[in-house]
>>> print(open('target-v7.txt').read())   # compact mmCIF, C-alpha atoms
# COMPACT_ATOMS: atom_id res chain seq x y z
CA MET I 1 113.54 37.35 38.42
CA GLU I 2 116.87 37.64 40.18
CA ASN I 3 116.77 41.38 39.60
CA LEU I 4 113.24 41.66 41.02
CA GLU I 5 114.29 39.67 44.06
CA ARG I 6 117.22 42.00 44.68
CA ILE I 7 115.06 45.11 44.32
CA LEU I 8 112.39 43.77 46.66
CA THR I 9 114.94 42.57 49.23
CA GLU I 10 116.49 46.05 49.35
CA HIS I 11 113.17 47.86 49.66
CA PRO I 12 112.62 49.32 53.17
CA PHE I 13 109.04 48.02 53.17
CA LEU I 14 110.36 44.46 53.18
CA THR I 15 113.30 44.95 55.55
CA GLY I 16 113.74 41.89 57.71
CA MET I 17 111.39 39.68 55.71
CA ASP I 18 112.32 36.02 55.36
CA LYS I 19 114.00 35.13 52.08
CA LYS I 20 111.43 32.44 51.24
CA HIS I 21 108.62 34.97 51.70
CA ILE I 22 110.40 37.43 49.42
CA GLN I 23 110.70 34.67 46.82
CA THR I 24 106.95 34.11 47.13
CA LEU I 25 106.42 37.82 46.48
CA VAL I 26 108.70 37.69 43.47
CA GLY I 27 106.40 35.02 42.06
CA CYS I 28 103.58 37.58 42.07
CA ALA I 29 105.70 40.53 40.84
CA SER I 30 106.45 42.13 37.50
CA ASN I 31 107.82 45.41 36.13
CA VAL I 32 105.48 48.07 34.79
CA ALA I 33 105.78 51.60 33.42
CA PHE I 34 103.18 54.34 33.03
CA LYS I 35 103.39 57.32 30.71
CA GLU I 36 102.77 60.85 31.92
CA GLY I 37 99.03 61.30 32.46
CA GLU I 38 98.25 57.59 32.29
CA PHE I 39 95.85 56.16 34.87
CA ILE I 40 97.31 53.36 36.97
CA PHE I 41 93.91 52.50 38.41
CA LYS I 42 90.49 54.09 38.54
CA GLU I 43 88.03 54.53 41.38
CA GLY I 44 85.58 51.63 41.63
CA SER I 45 87.63 49.20 39.58
CA ASP I 46 88.97 45.93 41.01
CA ALA I 47 91.84 46.45 43.43
CA ASP I 48 93.92 43.46 42.49
CA SER I 49 97.43 44.85 42.82
CA PHE I 50 99.81 47.18 44.64
CA TYR I 51 102.94 48.94 43.52
CA PHE I 52 106.49 49.62 44.66
CA ILE I 53 107.19 52.92 42.90
CA ARG I 54 110.74 52.95 41.58
CA HIS I 55 110.78 56.18 39.60
CA GLY I 56 108.41 59.06 38.97
CA ARG I 57 105.40 60.46 40.79
CA VAL I 58 101.78 59.42 41.07
CA GLN I 59 98.82 61.54 42.13
CA ILE I 60 95.95 59.99 44.02
CA GLU I 61 92.84 61.89 43.07
CA THR I 62 89.10 61.84 42.83
CA HIS I 63 87.01 63.32 40.09
CA VAL I 64 84.38 65.89 40.97
CA PRO I 65 81.80 66.55 38.26
CA GLN I 66 82.22 70.00 36.67
CA LYS I 67 85.31 70.63 38.82
CA GLY I 68 87.75 68.07 37.55
CA ALA I 69 90.24 66.13 39.62
CA ILE I 70 90.96 66.87 43.26
CA VAL I 71 94.42 65.65 44.22
CA ILE I 72 94.50 64.06 47.65
CA ARG I 73 98.05 62.84 47.92
CA SER I 74 101.06 62.10 45.80
CA ARG I 75 103.35 59.11 45.91
CA GLU I 76 106.86 58.96 44.62
CA ALA I 77 109.90 56.75 44.24
CA GLY I 78 110.45 54.51 47.26
CA GLU I 79 106.81 54.55 48.33
CA ILE I 80 104.09 51.93 48.19
CA LEU I 81 100.96 52.66 46.19
CA GLY I 82 97.69 50.96 47.07
CA TRP I 83 96.28 48.94 49.94
CA SER I 84 92.67 48.41 48.82
CA TRP I 85 93.70 44.97 47.50
CA LEU I 86 93.82 43.89 51.17
CA VAL I 87 90.35 45.03 52.18
CA PRO I 88 87.07 43.57 50.88
CA PRO I 89 85.38 44.26 48.54
CA TYR I 90 88.79 44.88 46.89
CA LYS I 91 87.84 48.00 44.95
CA TRP I 92 89.93 51.16 44.48
CA HIS I 93 88.58 54.15 46.37
CA PHE I 94 90.41 56.74 44.30
CA ASP I 95 92.06 57.24 40.92
CA ALA I 96 95.83 57.03 40.60
CA ARG I 97 97.52 58.83 37.73
CA ALA I 98 101.17 59.10 36.75
CA VAL I 99 102.23 62.77 36.79
CA GLU I 100 105.38 61.89 34.93
CA LEU I 101 106.91 58.74 33.49
CA THR I 102 106.59 56.28 36.36
CA ARG I 103 108.23 52.90 36.73
CA ALA I 104 107.13 50.44 39.36
CA ILE I 105 107.06 46.83 40.42
CA VAL I 106 103.49 45.64 40.53
CA LEU I 107 102.43 42.78 42.77
CA ASP I 108 99.40 40.74 41.90
CA GLY I 109 97.18 41.26 44.96
CA LYS I 110 94.83 38.38 44.21
CA CYS I 111 97.75 35.98 43.82
CA LEU I 112 99.24 37.32 47.06
CA ARG I 113 95.94 37.08 48.96
CA ASP I 114 95.74 33.39 48.02
CA LYS I 115 99.33 32.81 49.10
CA CYS I 116 98.69 34.59 52.40
CA GLU I 117 95.71 32.28 53.01
CA ASP I 118 97.95 29.30 52.38
CA ASP I 119 100.82 30.61 54.48
CA HIS I 120 99.66 32.60 57.51
CA ASP I 121 103.23 33.51 58.47
CA LEU I 122 103.55 35.31 55.16
CA GLY I 123 100.09 36.85 55.71
CA TYR I 124 101.11 38.13 59.13
CA GLU I 125 104.31 39.67 57.76
CA ILE I 126 102.38 41.42 55.01
CA MET I 127 99.66 42.64 57.37
CA LYS I 128 102.21 44.02 59.86
CA ARG I 129 103.85 46.05 57.13
CA PHE I 130 100.62 47.33 55.61
CA ASN I 131 99.29 48.20 59.08
CA LEU I 132 102.18 50.62 59.48
CA ILE I 133 101.45 52.20 56.12
CA ILE I 134 97.73 52.49 56.80
CA ALA I 135 98.33 53.99 60.27
CA GLU I 136 100.87 56.46 58.89
CA ARG I 137 98.52 57.56 56.12
CA LEU I 138 95.65 57.93 58.59
CA GLU I 139 97.82 60.21 60.74
CA GLN I 140 98.87 62.24 57.71
CA THR I 141 95.28 62.58 56.56
CA ARG I 142 94.20 63.81 60.01
CA PHE I 143 97.02 66.33 59.96
CA GLN I 144 95.93 67.42 56.48
CA LEU I 145 92.33 67.82 57.67
CA MET I 146 93.46 70.19 60.44
CA ASP I 147 94.22 72.77 57.76
CA VAL I 148 97.04 74.10 59.92
CA TYR I 149 97.90 76.94 57.54
CA GLY I 150 94.33 78.17 57.28
CA LYS I 151 93.06 81.55 58.46
CA ASN I 152 92.91 80.48 62.08
CA ALA I 153 96.40 79.00 62.14
CA LYS I 154 98.44 79.78 65.26
CA MET L 1 132.33 71.28 65.90
CA ALA L 2 130.51 73.42 68.43
CA LYS L 3 128.75 71.65 71.28
CA MET L 4 124.97 72.11 71.31
CA GLN L 5 124.11 74.92 73.67
CA ASN L 6 121.51 74.21 76.30
CA LYS L 7 119.65 77.29 75.15
CA SER L 8 119.35 78.85 71.74
CA LYS L 9 121.61 81.83 71.60
CA THR L 10 120.39 85.27 72.51
CA SER L 11 122.00 88.03 70.46
CA ASP L 12 124.90 89.96 71.94
CA ILE L 13 123.50 93.16 70.48
CA SER L 14 122.77 95.64 73.22
CA LEU L 15 120.08 98.20 72.63
CA ILE L 16 120.60 101.78 73.76
CA ASP L 17 116.98 102.06 74.80
CA PRO L 18 115.05 98.90 74.06
CA MET L 19 111.72 100.72 74.13
CA LEU L 20 112.78 103.49 71.74
CA VAL L 21 110.98 103.41 68.40
CA GLN L 22 113.00 104.40 65.32
CA ALA L 23 111.24 105.79 62.28
CA TYR L 24 111.72 103.81 59.06
CA THR L 25 110.50 104.54 55.54
CA ILE L 26 108.89 101.88 53.39
CA GLN L 27 111.04 101.51 50.27
CA ARG L 28 109.18 98.63 48.69
CA VAL L 29 106.11 96.50 49.30
CA VAL L 30 106.11 92.98 47.86
CA ARG L 31 102.83 91.06 47.68
CA GLU L 32 104.00 87.52 48.40
CA THR L 33 100.58 85.82 48.37
CA PHE L 34 96.99 87.04 48.56
CA ASP L 35 97.29 87.73 52.29
CA THR L 36 101.03 88.00 52.96
CA PHE L 37 103.38 90.79 52.08
CA SER L 38 106.94 91.92 52.69
CA LEU L 39 107.99 95.42 53.67
CA GLU L 40 111.47 96.63 52.78
CA LEU L 41 112.49 99.42 55.12
CA GLU L 42 115.24 101.96 55.49
CA PRO L 43 115.94 104.13 58.53
CA GLN L 44 114.93 107.77 58.24
CA SER L 45 118.00 108.71 60.23
CA GLY L 46 119.92 107.54 57.19
CA GLY L 47 122.85 105.87 58.88
CA GLY L 48 123.58 102.93 61.06
CA GLU L 49 123.44 99.35 59.89
CA PHE L 50 120.79 97.19 61.46
CA LYS L 51 122.49 94.12 62.89
CA PHE L 52 120.44 91.09 63.74
CA ALA L 53 120.88 87.38 64.12
CA PRO L 54 118.76 84.92 62.07
CA GLY L 55 115.57 84.15 63.98
CA GLN L 56 115.26 87.45 65.82
CA PHE L 57 112.25 89.73 65.58
CA ASN L 58 111.37 93.42 65.72
CA MET L 59 108.38 95.26 67.12
CA LEU L 60 106.73 97.09 64.22
CA TYR L 61 104.61 100.10 65.04
CA VAL L 62 101.88 101.32 62.71
CA TYR L 63 101.41 104.84 63.99
CA GLY L 64 98.00 105.38 65.54
CA VAL L 65 97.07 101.71 65.28
CA GLY L 66 99.44 99.59 67.33
CA GLU L 67 102.52 97.48 67.57
CA VAL L 68 103.19 93.85 66.61
CA PRO L 69 106.17 91.50 66.80
CA ILE L 70 107.37 90.32 63.38
CA SER L 71 110.39 88.18 62.55
CA ILE L 72 113.08 89.66 60.40
CA SER L 73 113.11 87.85 57.07
CA GLY L 74 115.94 89.52 55.19
CA ASP L 75 119.61 88.78 54.72
CA PRO L 76 121.56 89.27 57.98
CA SER L 77 124.73 90.13 56.08
CA LYS L 78 123.17 93.09 54.29
CA GLU L 79 122.91 96.46 55.94
CA LYS L 80 119.81 97.44 54.01
CA PRO L 81 116.96 97.01 53.52
CA LEU L 82 115.41 95.67 56.69
CA ILE L 83 112.79 93.14 55.55
CA HIS L 84 109.74 91.80 57.33
CA THR L 85 107.19 89.40 55.88
CA THR L 86 103.83 89.09 57.55
CA ARG L 87 100.28 88.03 57.04
CA ALA L 88 97.34 90.41 57.29
CA VAL L 89 95.33 88.80 60.08
CA GLY L 90 94.81 91.33 62.90
CA THR L 91 94.07 95.03 63.23
CA VAL L 92 97.71 96.11 63.05
CA THR L 93 98.84 93.81 60.24
CA LYS L 94 95.74 94.67 58.20
CA ALA L 95 96.58 98.37 58.61
CA MET L 96 100.19 97.54 57.73
CA LYS L 97 99.07 95.89 54.51
CA ASN L 98 97.54 99.19 53.43
CA LEU L 99 100.78 101.14 53.89
CA LYS L 100 102.49 102.35 50.76
CA VAL L 101 105.97 103.15 49.56
CA GLY L 102 107.14 106.32 51.31
CA ASP L 103 105.01 105.78 54.42
CA THR L 104 106.62 105.73 57.84
CA ILE L 105 106.63 102.80 60.22
CA GLY L 106 108.18 102.52 63.69
CA ILE L 107 110.74 99.84 64.53
CA ARG L 108 112.31 98.72 67.76
CA GLY L 109 114.51 95.72 68.15
CA PRO L 110 115.98 93.29 67.36
CA TYR L 111 114.82 91.05 70.15
CA GLY L 112 115.02 87.45 71.20
CA SER L 113 117.10 84.38 70.63
CA SER L 114 118.38 83.16 67.29
CA TRP L 115 118.79 79.98 65.25
CA PRO L 116 121.87 77.94 66.23
CA VAL L 117 123.99 78.63 63.16
CA LYS L 118 127.29 78.33 65.01
CA GLU L 119 126.28 75.22 66.89
CA ALA L 120 125.20 73.61 63.62
CA GLU L 121 128.66 73.91 62.04
CA GLY L 122 129.86 70.51 60.90
CA TYR L 123 126.36 69.05 60.86
CA ASP L 124 123.73 68.47 58.21
CA VAL L 125 121.05 71.12 58.61
CA VAL L 126 117.39 70.30 58.06
CA ILE L 127 115.15 73.32 57.69
CA VAL L 128 111.44 72.57 57.97
CA ALA L 129 109.06 75.43 57.24
CA GLY L 130 105.29 75.50 57.18
CA GLY L 131 103.30 78.34 55.59
CA ILE L 132 104.56 81.74 56.66
CA GLY L 133 107.10 79.96 58.87
CA LEU L 134 109.54 80.25 55.98
CA ALA L 135 109.90 83.98 56.72
CA PRO L 136 111.77 83.63 60.06
CA LEU L 137 113.86 80.86 58.49
CA ARG L 138 114.93 82.77 55.41
CA PRO L 139 117.75 84.62 57.25
CA VAL L 140 119.15 81.28 58.40
CA ILE L 141 119.10 79.99 54.80
CA TYR L 142 120.96 83.11 53.67
CA TYR L 143 123.48 82.61 56.45
CA LEU L 144 124.06 78.90 55.77
CA LEU L 145 124.53 79.48 52.06
CA GLN L 146 127.00 82.30 52.72
CA HIS L 147 128.99 79.97 54.98
CA ARG L 148 128.30 76.88 52.91
CA ASN L 149 131.58 75.05 53.51
CA LYS L 150 130.98 74.94 57.26
CA TYR L 151 127.97 72.64 56.97
CA GLY L 152 127.15 69.20 55.66
CA ARG L 153 124.00 68.75 53.62
CA ILE L 154 121.46 71.54 53.79
CA VAL L 155 117.90 70.41 53.23
CA LEU L 156 114.89 72.69 53.01
CA LEU L 157 111.47 71.10 53.42
CA TYR L 158 108.64 73.53 52.84
CA GLY L 159 104.92 72.88 53.05
CA THR L 160 102.01 75.19 52.43
CA ARG L 161 98.26 74.94 52.08
CA THR L 162 98.23 75.40 48.30
CA PRO L 163 100.86 76.27 45.67
CA GLU L 164 99.57 79.86 45.68
CA ASP L 165 100.45 80.18 49.37
CA MET L 166 104.18 79.67 48.84
CA LEU L 167 106.31 82.60 49.90
CA TYR L 168 109.32 83.84 47.93
CA ARG L 169 108.48 81.92 44.75
CA LYS L 170 111.34 83.24 42.68
CA GLN L 171 113.80 82.58 45.44
CA LEU L 172 112.48 79.04 45.92
CA GLU L 173 113.08 78.43 42.22
CA LYS L 174 116.66 79.65 42.57
CA TRP L 175 117.23 77.56 45.67
CA ARG L 176 115.86 74.48 43.89
CA SER L 177 118.35 74.94 41.10
CA ARG L 178 121.35 74.93 43.46
CA PHE L 179 123.47 71.82 43.83
CA ASP L 180 124.40 72.58 47.42
CA LEU L 181 120.88 72.95 48.77
CA GLU L 182 118.22 70.24 48.59
CA THR L 183 114.79 71.84 48.37
CA TYR L 184 111.59 69.83 48.64
CA LEU L 185 108.17 71.40 48.42
CA THR L 186 104.75 70.05 49.21
CA VAL L 187 101.21 71.35 49.42
CA ASP L 188 98.25 70.16 51.44
CA ARG L 189 95.93 70.83 48.50
CA ALA L 190 96.99 70.79 44.90
CA THR L 191 95.50 73.43 42.67
CA GLY L 192 95.94 74.41 39.04
CA SER L 193 98.82 72.80 37.27
CA TRP L 194 100.78 71.74 40.38
CA ARG L 195 102.71 68.56 39.59
CA GLY L 196 104.79 68.34 42.75
CA ASN L 197 104.27 66.67 46.10
CA VAL L 198 100.82 66.66 47.67
CA GLY L 199 100.67 65.89 51.36
CA VAL L 200 101.59 67.42 54.70
CA VAL L 201 105.15 68.60 55.26
CA THR L 202 105.90 65.71 57.61
CA THR L 203 105.66 63.31 54.65
CA LEU L 204 108.89 64.80 53.30
CA ILE L 205 110.93 64.04 56.41
CA GLY L 206 111.16 60.28 56.03
CA ARG L 207 112.76 60.43 52.60
CA ALA L 208 114.79 63.64 52.79
CA PRO L 209 118.52 63.08 52.28
CA PHE L 210 120.23 63.86 55.60
CA ASP L 211 122.02 61.90 58.27
CA PRO L 212 119.66 62.00 61.27
CA LEU L 213 122.39 61.14 63.74
CA HIS L 214 124.45 64.04 62.54
CA SER L 215 121.88 66.73 61.86
CA VAL L 216 120.57 69.91 63.37
CA ALA L 217 116.92 70.62 62.61
CA VAL L 218 115.31 74.06 62.64
CA VAL L 219 111.53 74.17 62.43
CA CYS L 220 109.09 77.04 62.06
CA GLY L 221 105.39 77.16 61.29
CA PRO L 222 102.07 76.91 63.08
CA GLU L 223 102.54 75.31 66.48
CA ILE L 224 100.64 72.16 65.62
CA MET L 225 102.70 71.74 62.46
CA MET L 226 105.88 72.03 64.52
CA ARG L 227 104.58 69.46 66.99
CA TYR L 228 104.00 66.83 64.31
CA THR L 229 107.18 67.77 62.50
CA VAL L 230 109.30 67.30 65.59
CA LEU L 231 107.70 63.90 66.24
CA GLU L 232 108.62 62.85 62.72
CA LEU L 233 112.18 64.18 63.07
CA LEU L 234 112.60 62.26 66.33
CA LYS L 235 111.18 59.15 64.68
CA ARG L 236 113.79 59.53 61.95
CA GLY L 237 116.49 59.68 64.65
CA VAL L 238 117.27 63.39 65.06
CA ASP L 239 118.22 64.26 68.63
CA GLU L 240 115.86 66.44 70.70
CA GLU L 241 118.89 68.47 71.71
CA LYS L 242 119.64 69.20 68.08
CA THR L 243 116.11 70.24 67.21
CA TYR L 244 115.09 73.89 67.41
CA ILE L 245 111.72 75.53 67.01
CA SER L 246 110.44 79.10 66.96
CA MET L 247 107.51 79.88 69.23
CA GLU L 248 104.98 82.63 68.74
CA ARG L 249 103.13 84.35 71.57
CA ASN L 250 101.49 87.70 72.21
CA MET L 251 104.61 89.78 72.72
CA LYS L 252 104.29 93.37 73.91
CA CYS L 253 107.41 94.81 75.53
CA GLY L 254 109.90 92.55 73.74
CA ILE L 255 112.32 92.55 76.68
CA GLY L 256 110.79 90.16 79.21
CA LEU L 257 109.14 92.72 81.47
CA CYS L 258 105.43 92.78 80.82
CA GLY L 259 104.74 89.04 80.94
CA HIS L 260 102.32 88.96 77.99
CA CYS L 261 104.31 86.25 76.28
CA GLN L 262 105.11 84.23 79.37
CA LEU L 263 105.22 80.49 78.81
CA GLY L 264 105.68 78.86 82.20
CA SER L 265 108.94 80.21 83.52
CA SER L 266 110.04 81.43 80.12
CA PHE L 267 109.45 84.71 78.31
CA VAL L 268 109.11 84.02 74.60
CA CYS L 269 110.29 87.53 73.68
CA LYS L 270 113.51 87.20 75.65
CA ASP L 271 114.27 83.49 76.07
CA GLY L 272 112.71 82.69 72.70
CA PRO L 273 111.36 82.85 70.11
CA VAL L 274 113.91 80.18 69.13
CA TYR L 275 114.09 77.34 71.63
CA ARG L 276 115.89 74.07 71.72
CA TYR L 277 113.09 71.53 71.64
CA ASP L 278 113.93 69.73 74.87
CA ASN L 279 113.72 73.05 76.72
CA ILE L 280 110.20 73.85 75.57
CA LYS L 281 108.55 70.55 74.72
CA HIS L 282 106.48 70.60 77.91
CA ALA L 283 104.59 73.61 76.51
CA PHE L 284 103.42 71.68 73.46
CA THR L 285 101.07 69.43 75.36
CA MET L 286 99.85 71.74 78.13
CA TRP L 287 96.35 72.99 77.42
CA GLU L 288 96.84 76.06 79.59
CA MET L 289 99.71 77.29 77.43
>>> encode(input="target-v7.txt", output="structure tokens")
Amino acid sequence: MENLERILTEHPFLTGMDKKHIQTLVGCASNVAFKEGEFIFKEGSDADSFYFIRHGRVQIETHVPQKGAIVIRSREAGEILGWSWLVPPYKWHFDARAVELTRAIVLDGKCLRDKCEDDHDLGYEIMKRFNLIIAERLEQTRFQLMDVYGKNAK
Amino acid sequence: MAKMQNKSKTSDISLIDPMLVQAYTIQRVVRETFDTFSLELEPQSGGGEFKFAPGQFNMLYVYGVGEVPISISGDPSKEKPLIHTTRAVGTVTKAMKNLKVGDTIGIRGPYGSSWPVKEAEGYDVVIVAGGIGLAPLRPVIYYLLQHRNKYGRIVLLYGTRTPEDMLYRKQLEKWRSRFDLETYLTVDRATGSWRGNVGVVTTLIGRAPFDPLHSVAVVCGPEIMMRYTVLELLKRGVDEEKTYISMERNMKCGIGLCGHCQLGSSFVCKDGPVYRYDNIKHAFTMWEM
């Protein structure tokens, strides 16, 4: 537990967070590892967790019948994977698959949602941090949609 | 450590007649991707090394078709061949794509300002390329690696539409295997067996290993890519005055006379194409430009 607390305290996502809140997070956290090619979650399944990726790379993809997987984004060490656990109906919108051996700290989203309901200060801290991630990913997706290297690129 | 110049440096090379076209022979054509290619050229006159500074461009003349400005993408320390990489998009470049080994092409140049390789001495150097924007940056990579001990970390961040759109594949593989150059690649759309990063090039900036307070950034790619890239570099803490971009406009004369490439009070062919960001940032958000 002490090790998990140290790792979470040092993670940029949690910079500046109160020690007691970090300890609450530690109570919902555990270590996980995924083999190359293993699915971390699948589209439509319950979004009841999120991940601090510590090592490896994950592809976020969607499956198109007769075409296979379309990769939308990748996530790697140092990044956060998953925010659907925060938004009803708490279902994953995409698949996530480890491209290589991936180690992460998983946080139990349901456990954390309950704790955020009980402690709104913790909830606010979590929401502030996820807001930044969601906004950043929205910007990146818009940039991606511009297809800046396409035929009409200037 | 050199102080950052207010302007990117224009080459000291003086041209005997800047409008005079020299005939060159195509020695080799390299198909880089499905729509980009490199031409390796040698002067028909036989002699005379072609000196240029990284970031400069030439006017390439396809006889009977027209002339286009294209950045020089070869090694500035090598006399030959003169290399240009371009994409077949317009009348001239499409005609250029059909040229073969042994054909003649006209060259005049080099023109314009260059990347701040001297000013960057002592700093980390962050090179951000998007799509074909790697071509004008390749000479600066050659230069930095040849003078490696003068710089801190050198980081190359390169983004393309798909893995198949990456220029200089073999060279990228060599660069990735070096210990003194950090190379990170990403694609907007993964295809085939791509296992690397997927996402726009700006996603690499936040986690790239460089000291933002002690870095010089050089950026080249489509204008909108450069705009978002610079925003991300500034967010990371890189100084506007240490950020350089390469602009592209419809250049005709190459020497600041005709006004085709005018951008406000600046002529891209003469004052650019390489600009320090704070000197050109106004142009990024003006619709008229």
>>> interface_residues(input="target-v7.txt", of="chain I", to="chain L", cutoff="9 Å", atoms="all atoms listed in the file", output="ChimeraX atom specification")
/I:57,59,70-76,78,99-100,140-141,143-145,147-154
>>> closest_residue(input="target-v7.txt", among="I:Ile60, I:Glu117, I:Gly109, I:Tyr90", to="I:Phe39", atoms="only C-alpha atoms")
I:Ile60
>>> closest_residue(input="target-v7.txt", among="I:Asp95, I:Asp121, I:Glu5, I:Glu136", to="I:Gly44", atoms="all atoms listed in the file")
I:Asp95
>>> atom_distance(input="target-v7.txt", atom1="atom CA of L:Tyr277", atom2="atom CA of L:Thr243")
5.5 Å
>>> residues_near_point(input="target-v7.txt", point="(107.6, 51.7, 42.8)", cutoff="8 Å", atoms="only C-alpha atoms", output="ChimeraX atom specification")
/I:51-55,76-81,102-106
>>> closest_residue(input="target-v7.txt", among="I:Leu8, I:Leu14, I:Val58, I:Phe41", to="I:Val26", atoms="all atoms listed in the file")
I:Leu8
>>> residues_around(input="target-v7.txt", residues="L:Trp115", least_positions_apart="4", cutoff="12 Å", atoms="all atoms listed in the file", output="ChimeraX atom specification")
/L:4-5,7-11,52-57,119-120,125,127,136-141,143-144,216-220,242-247,272-276
